[in-house]
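Visitor: This is data36.pdb (PDB, C-alpha atoms).
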ATOM      1  CA  MET T  30      18.296   4.782  38.726
ATOM      2  CA  PRO T  31      21.754   5.018  40.363
ATOM      3  CA  LYS T  32      24.828   5.990  38.397
ATOM      4  CA  LYS T  33      28.176   4.337  38.788
ATOM      5  CA  LEU T  34      31.242   6.560  38.603
ATOM      6  CA  LYS T  35      34.131   5.352  36.499
ATOM      7  CA  ASN T  36      37.538   6.732  35.536
ATOM      8  CA  ILE T  37      37.613   9.020  38.570
ATOM      9  CA  ARG T  38      40.445  11.535  38.522
ATOM     10  CA  VAL T  39      41.031  13.714  41.592
ATOM     11  CA  ASP T  40      43.127  16.811  40.961
ATOM     12  CA  PHE T  41      42.568  18.966  44.066
ATOM     13  CA  LEU T  42      41.555  18.677  47.710
ATOM     14  CA  SER T  43      40.058  21.859  49.026
ATOM     15  CA  LEU T  44      39.537  22.888  52.668
ATOM     16  CA  VAL T  45      36.026  24.335  52.833
ATOM     17  CA  ALA T  46      33.857  26.014  55.443
ATOM     18  CA  SER T  47      30.519  24.244  54.848
ATOM     19  CA  PRO T  48      30.808  20.704  53.601
ATOM     20  CA  ALA T  49      27.678  18.748  52.768
ATOM     21  CA  THR T  50      26.334  16.199  55.205
ATOM     22  CA  GLY T  51      28.482  13.094  55.355
ATOM     23  CA  MET T  52      29.525  11.884  51.912
ATOM     24  CA  GLU T  53      26.430  12.995  50.087
ATOM     25  CA  VAL T  54      27.970  15.214  47.442
ATOM     26  CA  VAL T  55      29.705  13.159  44.803
ATOM     27  CA  LEU T  56      31.880  13.961  41.813
ATOM     28  CA  LYS T  57      29.750  15.187  38.961
ATOM     29  CA  GLN T  58      30.474  15.466  35.306
ATOM     30  CA  SER T  59      30.899  19.082  34.365
ATOM     31  CA  THR T  60      30.554  20.824  31.038
ATOM     32  CA  GLY T  61      32.729  23.771  31.981
ATOM     33  CA  GLY T  62      34.061  23.712  35.521
ATOM     34  CA  ALA T  63      35.527  21.419  38.135
ATOM     35  CA  MET T  64      33.497  18.589  39.613
ATOM     36  CA  LYS T  65      33.248  18.495  43.376
ATOM     37  CA  LYS T  66      32.590  16.100  46.222
ATOM     38  CA  THR T  67      32.594  17.328  49.792
ATOM     39  CA  ILE T  68      33.152  15.262  52.938
ATOM     40  CA  HIS T  69      33.506  15.969  56.657
ATOM     41  CA  ILE T  70      36.841  15.977  58.333
ATOM     42  CA  LYS T  71      36.703  12.875  60.478
ATOM     43  CA  LYS T  72      39.414  13.684  63.013
ATOM     44  CA  THR T  73      42.191  16.147  63.690
ATOM     45  CA  ASP T  74      45.541  15.496  65.350
ATOM     46  CA  ASP T  75      46.341  18.708  67.221
ATOM     47  CA  THR T  76      49.871  17.607  67.985
ATOM     48  CA  ARG T  77      50.889  16.952  64.394
ATOM     49  CA  HIS T  78      48.376  19.331  62.744
ATOM     50  CA  VAL T  79      46.872  16.622  60.555
ATOM     51  CA  ALA T  80      43.227  16.497  59.478
ATOM     52  CA  TYR T  81      41.823  13.087  58.498
ATOM     53  CA  GLY T  82      38.898  12.205  56.299
ATOM     54  CA  LEU T  83      37.494   9.571  53.962
ATOM     55  CA  ILE T  84      37.695  10.794  50.427
ATOM     56  CA  TYR T  85      35.510   8.003  49.035
ATOM     57  CA  ALA T  86      33.863   4.858  50.432
ATOM     58  CA  PRO T  87      32.801   2.053  48.060
ATOM     59  CA  ASP T  88      29.285   1.124  47.004
ATOM     60  CA  LYS T  89      27.487   3.835  48.959
ATOM     61  CA  VAL T  90      24.882   5.648  46.906
ATOM     62  CA  ASP T  91      24.785   9.330  47.796
ATOM     63  CA  SER T  92      21.951  11.855  47.615
ATOM     64  CA  GLN T  93      22.849  12.477  43.993
ATOM     65  CA  GLY T  94      22.219   8.820  43.221
ATOM     66  CA  GLU T  95      25.884   8.099  42.454
ATOM     67  CA  PHE T  96      28.453   5.640  43.764
ATOM     68  CA  ALA T  97      31.790   4.034  42.962
ATOM     69  CA  ASP T  98      33.025   0.534  43.548
ATOM     70  CA  ARG T  99      36.159  -0.505  45.373
ATOM     71  CA  ALA T 100      38.252  -0.984  42.233
ATOM     72  CA  GLU T 101      37.472   2.514  40.905
ATOM     73  CA  ILE T 102      38.259   4.099  44.260
ATOM     74  CA  GLU T 103      41.580   2.285  44.411
ATOM     75  CA  LYS T 104      42.489   3.519  40.929
ATOM     76  CA  ALA T 105      41.554   7.086  41.888
ATOM     77  CA  ALA T 106      43.690   6.930  45.058
ATOM     78  CA  TYR T 107      46.750   5.621  43.256
ATOM     79  CA  GLY T 108      46.203   8.003  40.356
ATOM     80  CA  PHE T 109      46.184  10.995  42.714
ATOM     81  CA  MET T 110      49.588  10.049  44.097
ATOM     82  CA  LYS T 111      50.995   8.978  40.721
ATOM     83  CA  ASN T 112      50.195  12.409  39.262
ATOM     84  CA  LEU T 113      52.068  14.070  42.164
ATOM     85  CA  ASN T 114      48.956  15.890  43.371
ATOM     86  CA  GLY T 115      49.907  15.735  47.053
ATOM     87  CA  ARG T 116      50.521  19.485  47.181
ATOM     88  CA  ASN T 117      47.231  20.313  45.440
ATOM     89  CA  VAL T 118      45.477  21.438  48.624
ATOM     90  CA  ASP T 119      43.675  24.773  48.452
ATOM     91  CA  VAL T 120      41.010  26.703  50.356
ATOM     92  CA  GLY T 121      37.480  27.209  49.042
ATOM     93  CA  HIS T 122      38.268  25.781  45.594
ATOM     94  CA  SER T 123      40.591  28.584  44.692
ATOM     95  CA  PHE T 124      42.780  26.092  42.833
ATOM     96  CA  LYS T 125      45.769  27.886  44.329
ATOM     97  CA  PRO T 126      47.741  25.445  46.486
ATOM     98  CA  VAL T 127      48.335  26.626  50.063
ATOM     99  CA  GLU T 128      52.008  26.700  50.975
ATOM    100  CA  GLY T 129      51.374  25.267  54.410
ATOM    101  CA  ALA T 130      49.100  22.332  53.482
ATOM    102  CA  TYR T 131      49.624  19.063  51.638
ATOM    103  CA  VAL T 132      48.499  15.442  51.628
ATOM    104  CA  GLY T 133      50.859  13.741  54.042
ATOM    105  CA  GLU T 134      49.045  10.403  54.213
ATOM    106  CA  SER T 135      46.980   8.517  51.651
ATOM    107  CA  TRP T 136      45.793   4.934  52.070
ATOM    108  CA  LEU T 137      43.099   2.402  51.355
ATOM    109  CA  VAL T 138      41.295   1.474  54.554
ATOM    110  CA  ARG T 139      41.699  -2.141  55.619
ATOM    111  CA  LYS T 140      39.731  -4.149  58.109
ATOM    112  CA  GLY T 141      40.455  -3.107  61.680
ATOM    113  CA  ASP T 142      41.578   0.434  60.807
ATOM    114  CA  GLU T 143      41.666   2.504  64.019
ATOM    115  CA  LEU T 144      40.506   5.749  62.454
ATOM    116  CA  PHE T 145      37.860   4.296  60.122
ATOM    117  CA  PRO T 146      36.738   0.884  61.461
ATOM    118  CA  ASP T 147      33.665   0.889  59.196
ATOM    119  CA  GLY T 148      35.418   2.225  56.107
ATOM    120  CA  GLU T 149      36.989  -0.911  54.656
ATOM    121  CA  GLY T 150      37.902  -0.336  50.997
ATOM    122  CA  ALA T 151      37.571   3.460  51.253
ATOM    123  CA  TRP T 152      40.217   5.987  50.311
ATOM    124  CA  ALA T 153      41.429   7.965  53.324
ATOM    125  CA  VAL T 154      43.818  10.889  53.561
ATOM    126  CA  GLY T 155      45.610  12.855  56.222
ATOM    127  CA  VAL T 156      46.187  16.495  55.236
ATOM    128  CA  LYS T 157      49.143  18.095  57.000
ATOM    129  CA  VAL T 158      48.386  21.735  57.813
ATOM    130  CA  ASP T 159      51.513  23.684  58.729
ATOM    131  CA  ASP T 160      49.857  27.031  58.151
ATOM    132  CA  VAL T 161      49.019  28.239  61.687
ATOM    133  CA  THR T 162      46.158  30.523  60.645
ATOM    134  CA  LEU T 163      44.533  27.803  58.587
ATOM    135  CA  TRP T 164      44.917  25.304  61.408
ATOM    136  CA  GLU T 165      43.266  27.682  63.875
ATOM    137  CA  ALA T 166      40.386  28.202  61.466
ATOM    138  CA  LEU T 167      40.019  24.433  61.262
ATOM    139  CA  LYS T 168      40.094  24.086  65.066
ATOM    140  CA  LYS T 169      37.429  26.800  65.478
ATOM    141  CA  GLY T 170      35.133  25.053  62.983
ATOM    142  CA  GLU T 171      35.513  27.758  60.378
ATOM    143  CA  VAL T 172      36.850  25.046  58.091
ATOM    144  CA  LYS T 173      34.849  21.859  58.438
ATOM    145  CA  GLY T 174      35.742  19.561  55.626
ATOM    146  CA  PHE T 175      37.440  18.583  52.400
ATOM    147  CA  SER T 176      35.969  19.103  48.971
ATOM    148  CA  MET T 177      37.399  16.978  46.209
ATOM    149  CA  ALA T 178      37.629  18.377  42.671
ATOM    150  CA  GLY T 179      38.172  16.332  39.563
ATOM    151  CA  THR T 180      36.423  14.456  36.789
ATOM    152  CA  ALA T 181      34.526  11.187  36.405
ATOM    153  CA  GLU T 182      32.217   9.343  34.038
ATOM    154  CA  ALA T 183      28.724   8.556  35.287
ATOM    155  CA  VAL T 184      27.169   5.383  33.907
ATOM    156  CA  GLU T 185      23.567   4.366  34.560
ATOM    157  CA  VAL T 186      23.228   1.078  36.388
ATOM    158  CA  VAL T 187      20.273  -1.290  36.021
ATOM    159  CA  THR T 188      18.722  -2.007  39.410
ATOM    160  CA  GLU T 189      16.796  -5.139  40.358
ATOM    161  CA  LYS T 190      13.498  -3.356  39.712
ATOM    162  CA  SER T 191      14.614  -2.104  36.347
ATOM    163  CA  ASP T 192      16.008  -5.567  35.640
ATOM    164  CA  VAL T 193      12.480  -6.901  35.956
ATOM    165  CA  GLY T 194      11.235  -4.252  33.561
ATOM    166  CA  LEU T 195      14.063  -4.950  31.165
ATOM    167  CA  LEU T 196      13.440  -8.674  31.318
ATOM    168  CA  ALA T 197       9.752  -8.023  30.723
ATOM    169  CA  LYS T 198      10.594  -5.971  27.638
ATOM    170  CA  ILE T 199      12.947  -8.670  26.403
ATOM    171  CA  ALA T 200      10.300 -11.324  27.051
ATOM    172  CA  GLU T 201       7.720  -9.270  25.142
ATOM    173  CA  THR T 202      10.134  -8.827  22.243
ATOM    174  CA  VAL T 203      10.849 -12.560  22.187
ATOM    175  CA  ARG T 204       7.115 -13.311  22.407
ATOM    176  CA  LYS T 205       6.390 -11.097  19.432
ATOM    177  CA  ALA T 206       9.230 -12.654  17.483
ATOM    178  CA  VAL T 207       7.960 -16.161  18.268
ATOM    179  CA  GLU T 208       4.421 -15.103  17.356
ATOM    180  CA  ALA T 209       5.645 -13.697  14.062
ATOM    181  CA  VAL T 210       7.556 -16.885  13.311
ATOM    182  CA  THR T 211       4.555 -18.988  14.355
ATOM    183  CA  THR T 212       2.255 -16.923  12.154
ATOM    184  CA  LYS T 213       4.663 -17.328   9.285
ATOM    185  CA  ASP T 214       4.846 -21.061   9.944
ATOM    186  CA  LYS T 215       1.044 -21.260  10.008
ATOM    187  CA  GLN T 216       0.857 -19.372   6.733
ATOM    188  CA  GLU T 217       3.456 -21.650   5.211
ATOM    189  CA  VAL T 218       1.556 -24.722   6.460
ATOM    190  CA  ALA T 219      -1.676 -23.358   4.989
ATOM    191  CA  LEU T 220       0.036 -22.663   1.661
ATOM    192  CA  LYS T 221       1.592 -26.127   1.728
ATOM    193  CA  GLU T 222      -1.789 -27.723   2.378
ATOM    194  CA  GLU T 223      -3.355 -25.648  -0.374
ATOM    195  CA  ARG T 224      -0.565 -26.627  -2.751
ATOM    196  CA  GLU T 225      -0.932 -30.288  -1.817
ATOM    197  CA  ASN T 226      -4.700 -30.072  -2.352
ATOM    198  CA  LEU T 227      -4.196 -28.477  -5.743
ATOM    199  CA  GLU T 228      -1.621 -31.077  -6.681
ATOM    200  CA  ALA T 229      -3.935 -33.870  -5.526
ATOM    201  CA  GLY T 230      -6.799 -32.331  -7.508
ATOM    202  CA  ALA T 231      -4.639 -32.055 -10.600
ATOM    203  CA  VAL T 232      -3.505 -35.664 -10.248
ATOM    204  CA  GLU T 233      -7.140 -36.766  -9.878
ATOM    205  CA  GLU T 234      -8.148 -34.827 -12.971
ATOM    206  CA  ILE T 235      -5.271 -36.336 -14.922
ATOM    207  CA  LYS T 236      -6.235 -39.788 -13.677
ATOM    208  CA  LYS T 237      -9.798 -39.174 -14.701
ATOM    209  CA  GLY T 238      -8.553 -38.101 -18.123
ATOM    210  CA  PHE T 239      -6.485 -41.234 -18.424
ATOM    211  CA  ASP T 240      -9.414 -43.311 -17.272
ATOM    212  CA  GLY T 241     -11.607 -41.590 -19.850
ATOM    213  CA  MET T 242      -9.072 -42.232 -22.559
ATOM    214  CA  THR T 243      -8.876 -45.898 -21.549
ATOM    215  CA  LYS T 244     -12.651 -46.289 -21.723
ATOM    216  CA  ALA T 245     -12.686 -44.650 -25.134
ATOM    217  CA  GLN T 246      -9.942 -46.960 -26.268
ATOM    218  CA  GLN T 247     -11.916 -49.909 -24.932
ATOM    219  CA  GLU T 248     -15.013 -48.777 -26.823
ATOM    220  CA  THR T 249     -12.947 -48.365 -29.984
ATOM    221  CA  ALA T 250     -11.403 -51.778 -29.570
ATOM    222  CA  LYS T 251     -14.861 -53.259 -29.043
ATOM    223  CA  LYS T 252     -16.164 -51.643 -32.236
ATOM    224  CA  VAL T 253     -13.113 -52.788 -34.122
ATOM    225  CA  GLU T 254     -13.746 -56.299 -32.834
ATOM    226  CA  GLU T 255     -17.401 -56.146 -33.874
ATOM    227  CA  ILE T 256     -16.465 -54.862 -37.327
ATOM    228  CA  GLY T 257     -13.902 -57.608 -37.587
ATOM    229  CA  ALA T 258     -16.509 -60.201 -36.705
ATOM    230  CA  GLU T 259     -18.899 -58.807 -39.328
ATOM    231  CA  MET T 260     -16.112 -58.798 -41.909
ATOM    232  CA  LYS T 261     -15.294 -62.383 -40.999
ATOM    233  CA  LYS T 262     -18.936 -63.387 -41.484
ATOM    234  CA  THR T 263     -19.039 -61.599 -44.854
ATOM    235  CA  THR T 264     -15.825 -63.188 -46.057
ATOM    236  CA  SER T 265     -17.057 -66.618 -44.938
ATOM    237  CA  ALA T 266     -20.254 -66.142 -46.897
ATOM    238  CA  LEU T 267     -18.286 -65.108 -49.977
ATOM    239  CA  ASP T 268     -16.005 -68.088 -49.587
ATOM    240  CA  GLU T 269     -18.997 -70.426 -49.442
ATOM    241  CA  ARG T 270     -20.516 -68.851 -52.557
ATOM    242  CA  LEU T 271     -17.277 -69.059 -54.517
ATOM    243  CA  THR T 272     -16.984 -72.706 -53.530
ATOM    244  CA  ARG T 273     -20.470 -73.421 -54.843
ATOM    245  CA  VAL T 274     -19.690 -71.591 -58.107
ATOM    246  CA  GLU T 275     -16.523 -73.568 -58.611
ATOM    247  CA  LYS T 276     -18.325 -76.804 -57.978
ATOM    248  CA  ALA T 277     -21.091 -75.838 -60.415
ATOM    249  CA  ARG T 278     -18.568 -75.017 -63.153
ATOM    250  CA  ALA T 279     -16.789 -78.234 -62.638
ATOM    251  CA  SER T 280     -20.019 -80.247 -62.957
ATOM    252  CA  ALA T 281     -21.080 -78.388 -66.110
ATOM    253  CA  GLY T 282     -17.815 -78.981 -67.916
ATOM    254  CA  THR T 283     -17.861 -82.715 -67.331
ATOM    255  CA  ALA T 284     -21.383 -83.133 -68.651
ATOM    256  CA  ASP T 285     -20.931 -81.172 -71.966
ATOM    257  CA  GLY T 286     -17.406 -82.198 -72.831
ATOM    258  CA  GLY T 287     -16.575 -78.863 -74.527
ATOM    259  CA  GLY T 288     -15.128 -75.660 -73.449
ATOM    260  CA  GLU T 289     -17.633 -73.334 -75.114
ATOM    261  CA  ALA T 290     -20.555 -75.202 -73.864
ATOM    262  CA  LYS T 291     -18.996 -75.293 -70.410
ATOM    263  CA  LYS T 292     -18.467 -71.585 -70.668
ATOM    264  CA  ASP T 293     -22.038 -70.936 -71.759
ATOM    265  CA  ARG T 294     -23.403 -73.041 -69.038
ATOM    266  CA  SER T 295     -21.136 -71.488 -66.537
ATOM    267  CA  GLU T 296     -22.254 -68.054 -67.644
ATOM    268  CA  GLY T 297     -25.838 -69.212 -67.494
ATOM    269  CA  ILE T 298     -25.380 -70.415 -64.013
ATOM    270  CA  LEU T 299     -23.815 -67.171 -63.039
TER     271      LEU T 299
END
As a first step, turn the structure in this file into structure tokens.
Guide:
Amino acid sequence: MPKKLKNIRVDFLSLVASPATGMEVVLKQSTGGAMKKTIHIKKTDDTRHVAYGLIYAPDKVDSQGEFADRAEIEKAAYGFMKNLNGRNVDVGHSFKPVEGAYVGESWLVRKGDELFPDGEGAWAVGVKVDDVTLWEALKKGEVKGFSMAGTAEAVEVVTEKSDVGLLAKIAETVRKAVEAVTTKDKQEVALKEERENLEAGAVEEIKKGFDGMTKAQQETAKKVEEIGAEMKKTTSALDERLTRVEKARASAGTADGGGEAKKDRSEGIL
């Protein structure tokens, strides 16, 4: 997985004898020493003693799997000049500036650049070498390139392939979450149905109880009605008997003409 370099800070440009191929060595984070990136010298101007090279080109992944975008390269180029590092040119990473060498030109390559026609957006420099011995070494090929020293942050970048994997993981996570929610919903539905069934059963039992109570009340009312009818018959019979007794008394009193006789007769009749 490639790593994107951010917050690049270039402190030194070193003239070195054996630079790596092309731009394949990139700034690396270091735990104790300087970080280095080595590039070929693109062209030399023998008349003015200037050596030209691309310090960094945008969006090109090197053999270390690292790259920087155009914005980061621009910040690094301006930062180098802002920090007055133009004289920080040494030999072989000695970190001891050479008196006769300095960065005389620094620019961001634009479209149609004569020196670097394919380097649009890259940071280019021209190192002025006034030291005669050093210039001769450069002309003979004893010095073949620049090596940049500084610091940077390397951040892992998700590629298209890893995007697919990441999306797959996200999809799986979402699927599991949905499944868990669905399972919970199913459980809640089952509990709801069970609760509704229990409630319905309880209502039915209560209804049955009420129905039973109503039937019992009906039976009671029926018995009460039957008892009432029997009582009515009994009272009617008593009324009839009392009426006959009264009539008999009345008849007896009229025939005898006296109270005692009427009484005796009445008692005899009774």
Visitor: Measure the distance from CA of Glu103 in chain T to CA of Ala178 in chain T in Å and round it to one decimal.
Guide: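 A separation of 16.7 Å between them.
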Visitor: Applied to this file, what does the PyMOL selection byres ((chain T and resi 142-154) around 8) return in terms of residues, put as a ChimeraX atom specification?
Guide: /T:81-87,99,102-103,106,132-141,155-156
Visitor: What does the distance between CA of Tyr131 in chain T and CA of Asn117 in chain T come to in Å, to one decimal place?
Guide: 6.8 Å
Visitor: For the atom pair CA of Lys35 in chain T and CA of Val184 in chain T, what is the interatomic distance in Å to one decimal place?
Guide: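 Going from CA of Lys35 in chain T over to CA of Val184 in chain T covers 7.4 Å.
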Visitor: For this file, the PyMOL selection byres ((chain T and resi 157-172) around 8) selects which residues, as a list of chain:residue names?
Guide: T:Leu44, T:Val45, T:Ala46, T:Ser47, T:Arg77, T:His78, T:Val79, T:Ala80, T:Glu128, T:Gly129, T:Ala130, T:Tyr131, T:Val132, T:Gly133, T:Gly155, T:Val156, T:Lys173, T:Gly174
Visitor: Would you mind exporting the chosen residues as a short mmCIF file (atom, residue, chain, number, x, y, z; two decimals), in the frame of the given file, restricted to C-alpha atoms?
Guide:
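Contents of out-v6.cif, as written:
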data_model
loop_
_atom_site.label_atom_id
_atom_site.label_comp_id
_atom_site.auth_asym_id
_atom_site.auth_seq_id
_atom_site.Cartn_x
_atom_site.Cartn_y
_atom_site.Cartn_z
CA LEU T 44 39.54 22.89 52.67
CA VAL T 45 36.03 24.34 52.83
CA ALA T 46 33.86 26.01 55.44
CA SER T 47 30.52 24.24 54.85
CA ARG T 77 50.89 16.95 64.39
CA HIS T 78 48.38 19.33 62.74
CA VAL T 79 46.87 16.62 60.56
CA ALA T 80 43.23 16.50 59.48
CA GLU T 128 52.01 26.70 50.98
CA GLY T 129 51.37 25.27 54.41
CA ALA T 130 49.10 22.33 53.48
CA TYR T 131 49.62 19.06 51.64
CA VAL T 132 48.50 15.44 51.63
CA GLY T 133 50.86 13.74 54.04
CA GLY T 155 45.61 12.86 56.22
CA VAL T 156 46.19 16.50 55.24
CA LYS T 173 34.85 21.86 58.44
CA GLY T 174 35.74 19.56 55.63
#
Visitor: As AutoDock Vina command-line options, what would the box around range 161-171 of chain T look like: edges along x, y and z, 8 Å added on every side, centre and edge lengths in Å to one decimal?
Guide:
--center_x 42.1 --center_y 27.3 --center_z 62.0 --size_x 29.9 --size_y 22.4 --size_z 22.9
Visitor: Take the point (39.8, 30.0, 43.8) as written in the file and pick out every residue within 12 Å of it, counting all atoms listed in the file; give the list as a list in words.
Guide: Phe41, Ser43, Leu44, Val45, Gly62, Ala63, Val118, Asp119, Val120, Gly121, His122, Ser123, Phe124, Lys125, Pro126, Val127 and Ala178 of chain T
Visitor: Report as a PDB file with C-alpha atoms, keeping the file's coordinate frame the full result of the PyMOL selection byres ((chain T and resi 32) around 6) when it is applied to this structure.
Guide:
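The resulting file, expr38.pdb, is shown below:
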ATOM      1  CA  PRO T  31      21.754   5.018  40.363  1.00  0.00           C
ATOM      2  CA  LYS T  33      28.176   4.337  38.788  1.00  0.00           C
ATOM      3  CA  GLU T  95      25.884   8.099  42.454  1.00  0.00           C
ATOM      4  CA  ALA T 183      28.724   8.556  35.287  1.00  0.00           C
ATOM      5  CA  VAL T 184      27.169   5.383  33.907  1.00  0.00           C
ATOM      6  CA  GLU T 185      23.567   4.366  34.560  1.00  0.00           C
ATOM      7  CA  VAL T 186      23.228   1.078  36.388  1.00  0.00           C
TER       8      VAL T 186
END
